[in-house]
Amino acid sequence: MFDSARPLLEEHADIERQLADPAVHGDPSALRRLNKRYAALGPVVAAYRSWEAATGDLEAARELAQEDPAFAAELPDLEQAAGDAAEHLRRQLVPRDPDDDRDVILEVKAGEGGEESALFAADLMRMYLRYAERRGWRTEMLDATPSDLGGYKEARVSVAAPGTPQPGDAPWARLKYEGGVHRVQRVPVTESQGRVHTSAAGVLVMPEIEDPAEVDLDPHDLKIDVFRSSGPGGQSVNTTDSAVRITHLPTGLVVSCQNEKSQLQNKESALRVLRARLHQVAVEEAEAAASQARRSQVRTVDRSERIRTYNFGENRIADHRTGFKAYNLDQVLDGDLDPVVQSAVDADEAARLDAVGRR
């Protein structure tokens, strides 16, 4: 039983030996990679040891009960403990997203609804920044295109966890469920008649690639253009050509960054985003080839493809994938997003367990 756990235990022991080697500590990249994998395997090892101990106690009690009936009274509790330990180990052995320990790059983009959609995109970005602050994550605004009324036509931020987070606590493990179209129902500031409008903003979440070598990015495949950044209404906010646009010729992916005054910094930010997008494309293509359905992050900002609705009049938030509903929208927008995210985490875990059961 649970033979699939043994290779993971051996890998955990091997990494433990590597981490004890002083030479490994001279390579920060290798050390970071080993620490992340060691942390990811830790819960599996702990669950396996708990299961071994529980089954060992149960077997010993059964043998003793044959000689002394007094031990038979302990059997129901020990059987329950062994069953619980087995179920916990089974959950730990369910295949996980290999990117779950990564940081993320998160984008919000205004869609249908004009200026109101841009204002809502800014509300979403503030929600994610507050959520990151609550969880102790670091954020860095990579690029933003403001609208005339202070919203965002589009904005992009990196979210990173300090140190080595526990499995399931890294930014990608929590924020990957945010990808899709978010719909808002409220009276816009531009509405003079007090009518409720419906608009939408899109969110795209990508795991960040720490090691550039993970993504094959040939400089000959890149077309790099520089231009002057601009603010609302096209007014010049920079007198030098510091904004950067990178086109990946084989795929046609285009990334622009103009947030920094330095052309070099904007280029590096654009490359970070491009690597993340190329990684995401590769993952989606691999899963499509294996006929696995990935939770989609829609590519068009259309109200009909919504994943969540934010109703300001009722102070209600509803997730259409998981059925989650709550009437504390004001608190969610202030960063209290964990219950909403957890509903998606639980639904995903249930689907994974069901898939394992079918196999």
# chains A, B, ... in the order shown; residues from 1 in each chain; ligands from 1
>>> residues_around(residues="Ala54 (chain A)", least_positions_apart="3", cutoff="10 Å", atoms="only C-alpha atoms", output="PDB file with C-alpha atoms, in the first residue's frame")
ATOM      1  CA  TYR A  48       3.784   8.611   5.594  1.00  0.00           C
ATOM      2  CA  ARG A  49       5.484   8.390   8.970  1.00  0.00           C
ATOM      3  CA  SER A  50       2.191   9.092  10.756  1.00  0.00           C
ATOM      4  CA  TRP A  51       0.486   6.369   8.731  1.00  0.00           C
ATOM      5  CA  ASP A  57       0.070   0.566  16.657  1.00  0.00           C
ATOM      6  CA  LEU A  58      -3.039  -1.092  15.215  1.00  0.00           C
ATOM      7  CA  GLU A  59      -1.216  -4.298  14.252  1.00  0.00           C
ATOM      8  CA  ALA A  60       0.428  -4.501  17.670  1.00  0.00           C
ATOM      9  CA  LEU A  78      -6.756   2.685  16.673  1.00  0.00           C
ATOM     10  CA  GLU A  79      -8.618   1.602  13.505  1.00  0.00           C
ATOM     11  CA  GLN A  80     -10.089   5.096  13.222  1.00  0.00           C
ATOM     12  CA  ALA A  81      -6.655   6.677  13.684  1.00  0.00           C
ATOM     13  CA  ALA A  82      -5.109   4.386  11.058  1.00  0.00           C
ATOM     14  CA  GLY A  83      -7.928   5.143   8.617  1.00  0.00           C
ATOM     15  CA  ASP A  84      -7.553   8.884   9.147  1.00  0.00           C
ATOM     16  CA  ALA A  85      -3.788   8.639   8.638  1.00  0.00           C
ATOM     17  CA  ALA A  86      -4.278   6.654   5.429  1.00  0.00           C
TER      18      ALA A  86
END
>>> residues_around(residues="Met127 (chain A)", least_positions_apart="4", cutoff="8 Å", atoms="only C-alpha atoms", output="PyMOL selection string")
chain A and resi 123+131+332-335
>>> closest_atom_pairs(of="region 59-145 of chain A", to="region 166-180 of chain A", cutoff="8 Å", atoms="only C-alpha atoms", output="JSON lines")
{"residue": "A:Asp99", "atom": "CA", "partner": "A:Trp172", "partner_atom": "CA", "distance": 7.0}
{"residue": "A:Asp100", "atom": "CA", "partner": "A:Ala173", "partner_atom": "CA", "distance": 4.5}
{"residue": "A:Asp101", "atom": "CA", "partner": "A:Ala170", "partner_atom": "CA", "distance": 5.2}
{"residue": "A:Arg102", "atom": "CA", "partner": "A:Trp172", "partner_atom": "CA", "distance": 5.6}
{"residue": "A:Asp103", "atom": "CA", "partner": "A:Pro171", "partner_atom": "CA", "distance": 5.1}
{"residue": "A:Val104", "atom": "CA", "partner": "A:Trp172", "partner_atom": "CA", "distance": 5.6}
{"residue": "A:Trp137", "atom": "CA", "partner": "A:Pro171", "partner_atom": "CA", "distance": 7.9}
>>> residues_around(residues="Arg195 (chain A)", least_positions_apart="4", cutoff="12 Å", atoms="only C-alpha atoms", output="PyMOL selection string")
chain A and resi 185-191+313
>>> residues_around(residues="Arg245 (chain A)", least_positions_apart="6", cutoff="12 Å", atoms="only C-alpha atoms", output="ChimeraX atom specification")
/A:143,222-229,253-258,263-264,266-271,273-274
>>> atom_distance(atom1="CA of Ala155 (chain A)", atom2="CA of Ala201 (chain A)")
11.3 Å
>>> atom_distance(atom1="CA of Ala47 (chain A)", atom2="CA of Glu10 (chain A)")
14.5 Å
>>> residues_around(residues="region 337-352 of chain A", least_positions_apart="6", cutoff="12 Å", atoms="only C-alpha atoms", output="tab-separated table (two decimals) with C-alpha atoms, in the first residue's frame")
chain	number	residue	atom	x	y	z
A	90	ARG	CA	-3.72	9.62	0.13
A	91	ARG	CA	-4.47	13.34	-0.12
A	92	GLN	CA	-0.78	14.19	0.10
A	93	LEU	CA	-0.01	11.78	-2.73
A	94	VAL	CA	-2.51	13.32	-5.14
A	95	PRO	CA	-0.46	14.82	-8.01
A	96	ARG	CA	0.12	18.53	-7.43
A	97	ASP	CA	0.65	21.42	-9.78
A	100	ASP	CA	2.63	25.57	-6.89
A	124	LEU	CA	-9.17	44.53	-8.34
A	126	ARG	CA	-5.85	47.15	-4.95
A	127	MET	CA	-7.61	44.02	-3.68
A	128	TYR	CA	-4.70	41.82	-4.75
A	129	LEU	CA	-2.12	44.22	-3.31
A	130	ARG	CA	-3.97	44.25	0.02
A	131	TYR	CA	-4.29	40.45	-0.07
A	132	ALA	CA	-0.55	40.13	-0.69
A	133	GLU	CA	0.13	42.50	2.21
A	134	ARG	CA	-2.03	40.39	4.53
A	135	ARG	CA	-0.11	37.26	3.58
A	168	GLY	CA	0.08	25.51	-0.69
A	169	ASP	CA	1.05	28.95	0.62
A	171	PRO	CA	1.55	32.99	-4.51
A	172	TRP	CA	0.83	30.69	-7.48
A	173	ALA	CA	-0.82	28.05	-5.28
A	174	ARG	CA	-3.31	30.68	-4.07
A	175	LEU	CA	-3.64	33.18	-6.90
A	176	LYS	CA	-3.81	30.85	-9.91
A	177	TYR	CA	-7.57	30.55	-9.37
A	178	GLU	CA	-8.03	34.29	-9.95
A	179	GLY	CA	-7.47	34.04	-13.69
A	292	GLN	CA	-6.30	17.29	-19.55
A	293	ALA	CA	-8.72	20.14	-18.88
A	294	ARG	CA	-6.99	23.10	-17.30
A	295	ARG	CA	-8.94	25.70	-15.36
A	307	ILE	CA	-15.83	33.51	-13.10
A	308	ARG	CA	-16.97	35.88	-10.36
A	309	THR	CA	-19.49	38.67	-9.76
A	316	ARG	CA	-22.22	40.44	-2.36
A	317	ILE	CA	-19.45	38.42	-3.97
A	318	ALA	CA	-20.21	35.19	-5.82
A	319	ASP	CA	-17.82	32.72	-7.44
A	320	HIS	CA	-19.58	30.94	-10.29
A	321	ARG	CA	-17.16	27.99	-10.42
A	322	THR	CA	-17.39	26.90	-6.79
A	323	GLY	CA	-20.77	28.26	-5.70
A	324	PHE	CA	-19.14	30.39	-3.01
A	325	LYS	CA	-21.24	33.38	-1.97
A	326	ALA	CA	-20.76	35.96	0.80
A	327	TYR	CA	-22.10	39.37	1.73
A	328	ASN	CA	-18.85	41.02	2.78
A	329	LEU	CA	-17.70	42.47	-0.52
A	330	ASP	CA	-16.24	45.53	1.19
A	331	GLN	CA	-13.96	43.29	3.27
A	358	ARG	CA	-11.48	6.88	-11.10
A	359	ARG	CA	-8.02	5.63	-12.06
>>> closest_residue(among="A:Ser192, A:Asn259, A:Thr251, A:Ser117", to="Thr145 (chain A)", atoms="only C-alpha atoms")
A:Asn259
>>> residues_around(residues="Ala122 (chain A)", least_positions_apart="3", cutoff="10 Å", atoms="only C-alpha atoms", output="count of residues only")
20
>>> select_by_dssp(residues="region 117-281 of chain A", states="strand (DSSP E or B)", output="NGL selection string")
:A and (138-146 or 152-160 or 180-186 or 197-207 or 222-227 or 230 or 236 or 243-248 or 253-257)
>>> closest_atom_pairs(of="region 143-233 of chain A", to="region 24-39 of chain A", cutoff="9 Å", atoms="only C-alpha atoms", output="Markdown table")
| residue | atom | partner | partner_atom | distance |
| --- | --- | --- | --- | --- |
| A:Gly163 | CA | A:Arg32 | CA | 8.7 |
| A:Thr164 | CA | A:Lys36 | CA | 6.0 |
| A:Pro165 | CA | A:Ala39 | CA | 7.8 |
| A:Gln166 | CA | A:Ala39 | CA | 6.4 |
| A:Pro167 | CA | A:Ala39 | CA | 6.7 |
| A:Glu210 | CA | A:Ser29 | CA | 8.8 |
| A:Asp211 | CA | A:Ser29 | CA | 7.8 |
>>> atom_distance(atom1="CA of Val244 (chain A)", atom2="CA of Ser262 (chain A)")
9.7 Å
